[in-house]
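Q: Coordinates in upload-v8.txt, compact mmCIF, C-alpha atoms, are listed below.
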```txt
# COMPACT_ATOMS: atom_id res chain seq x y z
CA MET A 1 0.00 0.00 0.00
CA THR A 2 1.59 3.28 -1.08
CA LEU A 3 0.40 6.75 -0.12
CA ARG A 4 1.68 9.71 -2.03
CA THR A 5 1.32 13.28 -0.82
CA LEU A 6 0.75 16.15 -3.20
CA GLY A 7 2.91 19.17 -2.49
CA LEU A 8 1.03 22.41 -1.82
CA SER A 9 3.13 24.53 -4.12
CA MET A 10 4.61 23.94 -7.55
CA LEU A 11 7.60 25.56 -9.23
CA GLY A 12 5.46 26.73 -12.17
CA ALA A 13 3.29 28.86 -9.88
CA ALA A 14 6.29 30.77 -8.51
CA GLY A 15 6.96 32.34 -11.90
CA LEU A 16 3.89 34.59 -12.06
CA LEU A 17 4.72 37.85 -13.80
CA ALA A 18 3.58 41.19 -12.45
CA LEU A 19 2.92 43.26 -15.58
CA PRO A 20 1.23 46.64 -15.48
CA ALA A 21 -2.50 46.85 -16.13
CA CYS A 22 -4.03 49.06 -18.76
CA LYS A 23 -6.16 50.63 -16.07
CA LYS A 24 -5.68 50.35 -12.34
CA GLU A 25 -8.40 48.52 -10.51
CA GLU A 26 -8.68 47.41 -6.95
CA ALA A 27 -8.02 43.75 -6.33
CA PRO A 28 -10.86 41.70 -4.83
CA ALA A 29 -11.08 41.88 -1.06
CA THR A 30 -10.52 38.81 1.01
CA PRO A 31 -13.82 36.92 1.43
CA PRO A 32 -15.54 37.23 4.83
CA PRO A 33 -14.64 34.82 7.61
CA THR A 34 -15.55 31.26 6.88
CA THR A 35 -18.89 30.19 8.29
CA GLN A 36 -20.31 26.75 8.77
CA ALA A 37 -22.90 25.02 6.66
CA PRO A 38 -25.68 23.15 8.49
CA PRO A 39 -24.17 19.68 8.89
CA PRO A 40 -26.36 16.84 7.56
CA SER A 41 -26.25 13.33 8.93
CA ALA A 42 -23.04 12.51 7.07
CA ALA A 43 -21.21 15.71 7.98
CA ARG A 44 -19.97 17.34 11.19
CA ALA A 45 -19.42 21.08 11.44
CA THR A 46 -15.85 22.27 11.81
CA GLU A 47 -14.37 25.22 13.63
CA PRO A 48 -14.02 28.23 11.31
CA GLY A 49 -10.75 28.05 9.38
CA ALA A 50 -9.97 24.51 10.56
CA GLU A 51 -9.06 21.93 7.96
CA HIS A 52 -9.19 18.21 8.50
CA ALA A 53 -6.47 16.40 6.59
CA ALA A 54 -7.72 13.31 4.84
CA THR A 55 -7.28 10.00 6.66
CA PRO A 56 -7.60 7.45 3.83
CA ILE A 57 -8.17 3.82 4.75
CA GLN A 58 -8.11 2.45 1.23
CA ALA A 59 -5.15 1.29 -0.85
CA ASP A 60 -4.28 3.55 -3.74
CA LYS A 61 -3.42 2.46 -7.25
CA ASP A 62 -1.71 4.69 -9.78
CA PRO A 63 -4.42 5.38 -12.37
CA GLY A 64 -2.13 7.31 -14.71
CA ASN A 65 -2.77 10.78 -15.99
CA GLU A 66 -4.46 10.91 -19.38
CA GLN A 67 -4.07 14.03 -21.48
CA GLY A 68 -6.85 16.49 -20.80
CA LYS A 69 -8.15 14.65 -17.73
CA VAL A 70 -7.51 14.90 -14.02
CA ALA A 71 -6.50 11.48 -12.73
CA VAL A 72 -7.84 10.62 -9.28
CA PRO A 73 -7.03 7.94 -6.73
CA ALA A 74 -8.95 4.67 -7.01
CA GLY A 75 -11.37 5.61 -4.24
CA ASN A 76 -15.01 4.59 -4.17
CA GLY A 77 -16.27 7.43 -2.03
CA ALA A 78 -18.16 10.54 -3.07
CA VAL A 79 -19.56 13.77 -1.69
CA LYS A 80 -22.77 14.98 -3.28
CA GLY A 81 -25.17 17.77 -2.53
CA THR A 82 -26.78 21.06 -3.42
CA VAL A 83 -26.03 24.72 -2.76
CA THR A 84 -29.09 26.85 -2.04
CA PHE A 85 -29.91 30.50 -1.48
CA THR A 86 -32.55 31.50 1.05
CA GLY A 87 -34.28 34.85 1.08
CA THR A 88 -34.44 37.40 -1.69
CA PRO A 89 -31.38 37.43 -3.99
CA PRO A 90 -29.72 40.82 -4.56
CA ALA A 91 -30.95 42.60 -7.64
CA ALA A 92 -28.60 42.13 -10.57
CA ALA A 93 -26.96 45.36 -11.69
CA ASP A 94 -27.20 46.50 -15.30
CA LEU A 95 -24.02 46.07 -17.33
CA PRO A 96 -22.47 49.19 -18.87
CA PRO A 97 -23.71 50.06 -22.37
CA ASN A 98 -22.04 48.14 -25.16
CA THR A 99 -20.83 49.84 -28.35
CA ASP A 100 -18.72 46.95 -29.68
CA SER A 101 -20.53 44.99 -32.40
CA ALA A 102 -18.42 41.93 -31.57
CA CYS A 103 -20.17 41.80 -28.19
CA GLU A 104 -23.59 41.34 -29.75
CA GLY A 105 -25.53 38.74 -27.78
CA ARG A 106 -23.88 39.33 -24.41
CA GLY A 107 -26.07 39.47 -21.30
CA SER A 108 -27.47 42.74 -20.02
CA LYS A 109 -27.18 42.00 -16.28
CA ASP A 110 -24.30 41.28 -13.93
CA GLU A 111 -24.07 37.55 -13.17
CA ALA A 112 -22.24 37.62 -9.84
CA VAL A 113 -25.20 36.05 -8.01
CA LEU A 114 -27.32 33.66 -10.07
CA VAL A 115 -30.25 32.07 -8.27
CA LYS A 116 -32.95 29.92 -9.88
CA ASP A 117 -35.68 28.24 -7.84
CA GLY A 118 -33.61 28.75 -4.71
CA LYS A 119 -30.51 27.07 -6.18
CA LEU A 120 -27.21 28.99 -6.34
CA GLN A 121 -24.99 28.78 -9.44
CA ASN A 122 -21.23 29.28 -9.82
CA VAL A 123 -20.24 28.01 -6.38
CA LEU A 124 -16.89 26.20 -6.32
CA VAL A 125 -17.20 23.24 -3.93
CA ARG A 126 -13.90 21.58 -3.05
CA VAL A 127 -12.05 19.33 -0.64
CA LYS A 128 -9.60 21.48 1.30
CA GLY A 129 -6.02 20.45 1.99
CA THR A 130 -3.94 17.59 0.66
CA VAL A 131 -5.35 14.14 -0.07
CA ALA A 132 -3.00 11.20 0.32
CA GLY A 133 -2.56 9.40 -2.99
CA ALA A 134 -3.88 12.27 -5.12
CA PRO A 135 -2.11 12.60 -8.48
CA ALA A 136 0.13 15.42 -9.59
CA ALA A 137 -1.35 18.39 -11.44
CA PRO A 138 -2.33 17.39 -14.99
CA SER A 139 -0.27 18.61 -17.92
CA ALA A 140 -3.42 19.67 -19.82
CA PRO A 141 -4.52 23.22 -18.95
CA VAL A 142 -7.91 24.52 -17.91
CA VAL A 143 -9.44 26.86 -20.49
CA VAL A 144 -11.10 30.26 -20.28
CA ASP A 145 -12.73 31.44 -23.51
CA GLN A 146 -13.78 34.97 -24.41
CA THR A 147 -17.00 34.86 -26.37
CA LYS A 148 -19.58 37.63 -26.83
CA CYS A 149 -17.32 39.68 -24.57
CA THR A 150 -17.89 37.30 -21.68
CA TYR A 151 -15.44 34.99 -19.90
CA VAL A 152 -16.60 31.37 -20.14
CA PRO A 153 -16.73 29.75 -17.67
CA ARG A 154 -17.09 32.43 -15.04
CA VAL A 155 -15.96 30.20 -12.16
CA GLN A 156 -13.85 27.04 -12.27
CA GLY A 157 -11.26 25.17 -10.27
CA ALA A 158 -7.74 24.07 -11.19
CA VAL A 159 -5.03 22.01 -9.53
CA ALA A 160 -2.06 23.99 -8.20
CA GLY A 161 0.76 23.59 -10.71
CA GLN A 162 -1.64 23.35 -13.63
CA SER A 163 -1.81 25.99 -16.38
CA VAL A 164 -4.70 28.07 -17.68
CA VAL A 165 -5.15 28.92 -21.37
CA PHE A 166 -7.03 32.01 -22.54
CA LYS A 167 -8.77 31.94 -25.92
CA ASN A 168 -10.28 34.86 -27.80
CA SER A 169 -13.22 33.69 -29.90
CA ASP A 170 -14.41 37.25 -30.49
CA GLY A 171 -13.70 39.47 -33.44
CA THR A 172 -12.43 42.25 -31.18
CA LEU A 173 -9.46 43.12 -28.99
CA HIS A 174 -9.42 41.87 -25.39
CA ASN A 175 -6.84 42.14 -22.66
CA VAL A 176 -6.69 39.51 -19.93
CA ARG A 177 -5.59 40.99 -16.64
CA GLY A 178 -5.00 38.56 -13.81
CA VAL A 179 -4.95 39.54 -10.13
CA VAL A 180 -4.16 37.30 -7.15
CA GLY A 181 -5.07 38.88 -3.85
CA THR A 182 -3.60 42.38 -4.01
CA LYS A 183 -0.92 41.54 -6.56
CA ALA A 184 -1.01 41.84 -10.34
CA ALA A 185 -0.22 38.50 -11.93
CA PHE A 186 -0.17 39.34 -15.65
CA ASN A 187 -1.76 41.56 -18.27
CA VAL A 188 -1.79 40.32 -21.86
CA ALA A 189 -3.49 41.67 -24.98
CA GLN A 190 -5.31 39.32 -27.35
CA PRO A 191 -6.18 40.61 -30.82
CA PRO A 192 -9.36 39.49 -32.59
CA SER A 193 -9.39 35.69 -32.84
CA GLY A 194 -5.76 35.78 -31.73
CA ALA A 195 -3.58 32.90 -30.62
CA PRO A 196 -4.29 31.38 -27.19
CA VAL A 197 -2.19 32.58 -24.26
CA GLN A 198 -1.06 30.24 -21.49
CA LYS A 199 -0.28 31.23 -17.89
CA PRO A 200 0.42 29.26 -14.69
CA VAL A 201 -2.28 28.73 -12.09
CA PRO A 202 -1.40 30.41 -8.76
CA PRO A 203 -0.41 28.44 -5.65
CA ALA A 204 -2.97 26.29 -3.84
CA ASP A 205 -5.89 28.14 -2.21
CA ASP A 206 -5.19 31.35 -4.12
CA VAL A 207 -7.92 32.78 -6.35
CA LEU A 208 -7.04 34.21 -9.75
CA LYS A 209 -9.44 37.00 -10.71
CA LEU A 210 -9.66 37.92 -14.39
CA LYS A 211 -10.68 41.29 -15.82
CA CYS A 212 -10.70 42.93 -19.24
CA ASP A 213 -10.03 46.68 -19.30
CA VAL A 214 -11.40 47.00 -22.84
CA HIS A 215 -14.74 45.54 -21.71
CA PRO A 216 -14.85 46.26 -17.95
CA TRP A 217 -17.87 44.08 -17.20
CA MET A 218 -15.91 40.92 -18.03
CA THR A 219 -15.05 38.97 -14.87
CA ALA A 220 -14.02 35.40 -14.10
CA PHE A 221 -12.31 33.39 -11.37
CA VAL A 222 -9.99 30.37 -11.29
CA VAL A 223 -9.72 28.82 -7.83
CA SER A 224 -6.47 26.93 -7.22
CA ASN A 225 -6.72 23.74 -5.13
CA PRO A 226 -4.08 21.27 -3.91
CA ASN A 227 -6.16 18.27 -5.05
CA PRO A 228 -8.49 17.45 -7.97
CA TYR A 229 -11.66 17.08 -5.88
CA PHE A 230 -13.74 20.12 -6.82
CA ALA A 231 -16.79 21.02 -8.87
CA THR A 232 -18.71 24.15 -9.85
CA THR A 233 -22.47 24.25 -9.40
CA GLY A 234 -24.72 24.79 -12.38
CA ALA A 235 -28.21 26.29 -12.50
CA ASP A 236 -29.53 23.38 -10.39
CA GLY A 237 -27.05 24.12 -7.59
CA ALA A 238 -25.87 20.50 -7.59
CA PHE A 239 -22.31 19.22 -7.19
CA ALA A 240 -20.57 15.84 -6.96
CA LEU A 241 -17.00 15.09 -5.87
CA GLN A 242 -16.22 11.59 -7.11
CA GLY A 243 -13.46 9.04 -6.49
CA LEU A 244 -12.53 10.05 -2.95
CA PRO A 245 -10.69 7.55 -0.76
CA ALA A 246 -12.53 6.76 2.46
CA GLY A 247 -11.62 9.27 5.16
CA THR A 248 -12.57 12.54 6.77
CA TYR A 249 -12.31 15.82 4.88
CA THR A 250 -13.06 19.52 5.16
CA VAL A 251 -15.34 20.55 2.29
CA GLU A 252 -15.69 24.21 1.36
CA ALA A 253 -18.23 26.09 -0.76
CA TRP A 254 -16.69 29.26 -2.29
CA HIS A 255 -18.65 32.08 -3.91
CA GLU A 256 -17.17 35.20 -5.47
CA THR A 257 -19.28 37.68 -3.47
CA LEU A 258 -21.04 35.63 -0.77
CA GLY A 259 -17.88 34.26 0.85
CA THR A 260 -17.29 30.67 2.00
CA LYS A 261 -18.93 27.99 4.11
CA THR A 262 -17.31 24.77 5.32
CA THR A 263 -18.29 21.47 6.87
CA GLU A 264 -16.45 18.33 7.92
CA VAL A 265 -17.44 15.20 6.03
CA THR A 266 -16.71 11.53 6.66
CA VAL A 267 -16.58 9.54 3.41
CA LYS A 268 -17.12 5.78 3.23
CA ASP A 269 -16.51 3.45 0.29
CA GLY A 270 -19.59 2.93 -1.84
CA ALA A 271 -21.79 5.22 0.26
CA PRO A 272 -21.98 8.84 -1.01
CA ALA A 273 -21.94 11.44 1.75
CA GLU A 274 -24.74 13.98 1.39
CA VAL A 275 -23.87 17.61 2.13
CA SER A 276 -25.80 20.82 1.66
CA PHE A 277 -24.65 24.44 1.80
CA ALA A 278 -27.04 27.34 2.30
CA PHE A 279 -26.20 30.95 1.52
CA SER A 280 -28.67 33.71 2.27
CA SER A 281 -29.45 37.37 1.83
CA GLU A 282 -27.40 37.99 5.01
CA ASP A 283 -24.29 36.89 3.12
CA THR A 284 -24.79 39.57 0.48
CA SER A 285 -23.07 42.07 2.76
CA ALA A 286 -19.77 40.42 1.77
CA LYS A 287 -17.66 42.87 -0.21
CA LYS A 288 -17.09 41.99 -3.83
```
The structure in this file should be written as structure tokens.

A:
Amino acid sequence: MTLRTLGLSMLGAAGLLALPACKKEEAPATPPPTTQAPPPSAARATEPGAEHAATPIQADKDPGNEQGKVAVPAGNGAVKGTVTFTGTPPAAADLPPNTDSACEGRGSKDEAVLVKDGKLQNVLVRVKGTVAGAPAAPSAPVVVDQTKCTYVPRVQGAVAGQSVVFKNSDGTLHNVRGVVGTKAAFNVAQPPSGAPVQKPVPPADDVLKLKCDVHPWMTAFVVSNPNPYFATTGADGAFALQGLPAGTYTVEAWHETLGTKTTEVTVKDGAPAEVSFAFSSEDTSAKK
């Protein structure tokens, strides 16, 4: 039985460049203090900020690392659930007027908080900390496309040490400006339908915020994680973290403006642990 531990930082992430932005903009503020989600039968609440390192009890086999896929340990456990929003969602702000014909078809409202039938979209749910036996970061990058002057997807996860590729599918100029915390990471121009640009993902637990100064409404986030167990909720608010070795983990739900919530989960082989996270109108006081 062999356990392998994933390092929390990779050499590729240390080479982030700090290039000047076309227009100075404040970096996103640190999310509000972590709060706890109501623990269901399979989960126990944790102290704010506490992380429970995985305690696997299952042998791990090397599954390999196919191109374009994140290889995971041969676990049979899973964490599944839904992220909800209670109360009245904040009213979506109108986007600035658009005069660029290449942006035809873009939305008219800000999409920071998307709620449908009480389900919250674009929440990154992830296992915090290292997971024994987890594979190294995949060589294939995650992708952010620019289409109709919108970053797609808006929120996604990546493994620390992985790369992110930016594509410009629009017939107009974009610039991709990355910010991590209070520090500028890079600022690159992409001409109409220009060649993709590749950059390293920041160290584990950092959040890369993306902006375009040509089209200031464009916003996206790449959340760096030390393991491959993460998922972003869709319109139904659902998520599933598959292939986890049996053990106890800290699971976090991250939202760009509503902050974070965590719970401690015990995973057993062949028996999915059910977890729910509930954000509310009280969380909307979190600074963007």

Q: Please list as an MDAnalysis selection string every residue within 12 Å of Gly118 of chain A, counting all atoms listed in the file and excluding residues in the same chain fewer than 3 positions away.

A: chainID A and resid 82:89 113:115 121 235:238 277:281

Q: Pick out the closest residue to Gly234 of chain A from this set: A:Gly178, A:Pro153, A:Gly270, A:Pro138. Count all atoms listed in the file.

A: A:Pro153

Q: For His174 of chain A, which residue among A:Gly77, A:Gly259, A:Pro216, A:Pro245 is the nearest when counting all atoms listed in the file?

A: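 Of all the options, A:Pro216 lies closest to His174 of chain A.
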
Q: What does the distance from atom CA of Thr150 of chain A to atom CA of Arg106 of chain A come to in Å, to one decimal?

A: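 Atom CA of Arg106 of chain A lies at a distance of 6.9 Å from atom CA of Thr150 of chain A.
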
Q: Applying 8 Å and all atoms listed in the file, which residues near Asn76 of chain A remain after dropping the ones on its own chain fewer than 6 positions away? List them as a CSV table (one decimal) with C-alpha atoms, keeping the file's coordinate frame.

A:
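Heads up, here's the output in out05.csv:
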```csv
chain,number,residue,atom,x,y,z
A,242,GLN,CA,-16.2,11.6,-7.1
A,243,GLY,CA,-13.5,9.0,-6.5
A,244,LEU,CA,-12.5,10.0,-3.0
A,245,PRO,CA,-10.7,7.6,-0.8
A,246,ALA,CA,-12.5,6.8,2.5
A,268,LYS,CA,-17.1,5.8,3.2
A,269,ASP,CA,-16.5,3.4,0.3
A,270,GLY,CA,-19.6,2.9,-1.8
```

Q: Saving segment 91-114 of chain A with C-alpha atoms, as a PDB file, in the first residue's frame, what would that file be?

A:
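And here's out.pdb as it stands now:
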```
ATOM      1  CA  ALA A  91     -30.948  42.604  -7.643  1.00  0.00           C
ATOM      2  CA  ALA A  92     -28.598  42.134 -10.573  1.00  0.00           C
ATOM      3  CA  ALA A  93     -26.959  45.361 -11.692  1.00  0.00           C
ATOM      4  CA  ASP A  94     -27.204  46.498 -15.297  1.00  0.00           C
ATOM      5  CA  LEU A  95     -24.025  46.072 -17.325  1.00  0.00           C
ATOM      6  CA  PRO A  96     -22.467  49.185 -18.874  1.00  0.00           C
ATOM      7  CA  PRO A  97     -23.713  50.064 -22.369  1.00  0.00           C
ATOM      8  CA  ASN A  98     -22.038  48.143 -25.160  1.00  0.00           C
ATOM      9  CA  THR A  99     -20.832  49.842 -28.349  1.00  0.00           C
ATOM     10  CA  ASP A 100     -18.720  46.955 -29.679  1.00  0.00           C
ATOM     11  CA  SER A 101     -20.533  44.986 -32.399  1.00  0.00           C
ATOM     12  CA  ALA A 102     -18.415  41.934 -31.572  1.00  0.00           C
ATOM     13  CA  CYS A 103     -20.166  41.799 -28.185  1.00  0.00           C
ATOM     14  CA  GLU A 104     -23.593  41.339 -29.746  1.00  0.00           C
ATOM     15  CA  GLY A 105     -25.534  38.743 -27.775  1.00  0.00           C
ATOM     16  CA  ARG A 106     -23.877  39.327 -24.405  1.00  0.00           C
ATOM     17  CA  GLY A 107     -26.072  39.465 -21.305  1.00  0.00           C
ATOM     18  CA  SER A 108     -27.468  42.736 -20.020  1.00  0.00           C
ATOM     19  CA  LYS A 109     -27.181  42.002 -16.280  1.00  0.00           C
ATOM     20  CA  ASP A 110     -24.295  41.281 -13.933  1.00  0.00           C
ATOM     21  CA  GLU A 111     -24.066  37.548 -13.172  1.00  0.00           C
ATOM     22  CA  ALA A 112     -22.242  37.624  -9.843  1.00  0.00           C
ATOM     23  CA  VAL A 113     -25.202  36.046  -8.014  1.00  0.00           C
ATOM     24  CA  LEU A 114     -27.315  33.662 -10.074  1.00  0.00           C
TER      25      LEU A 114
END
```
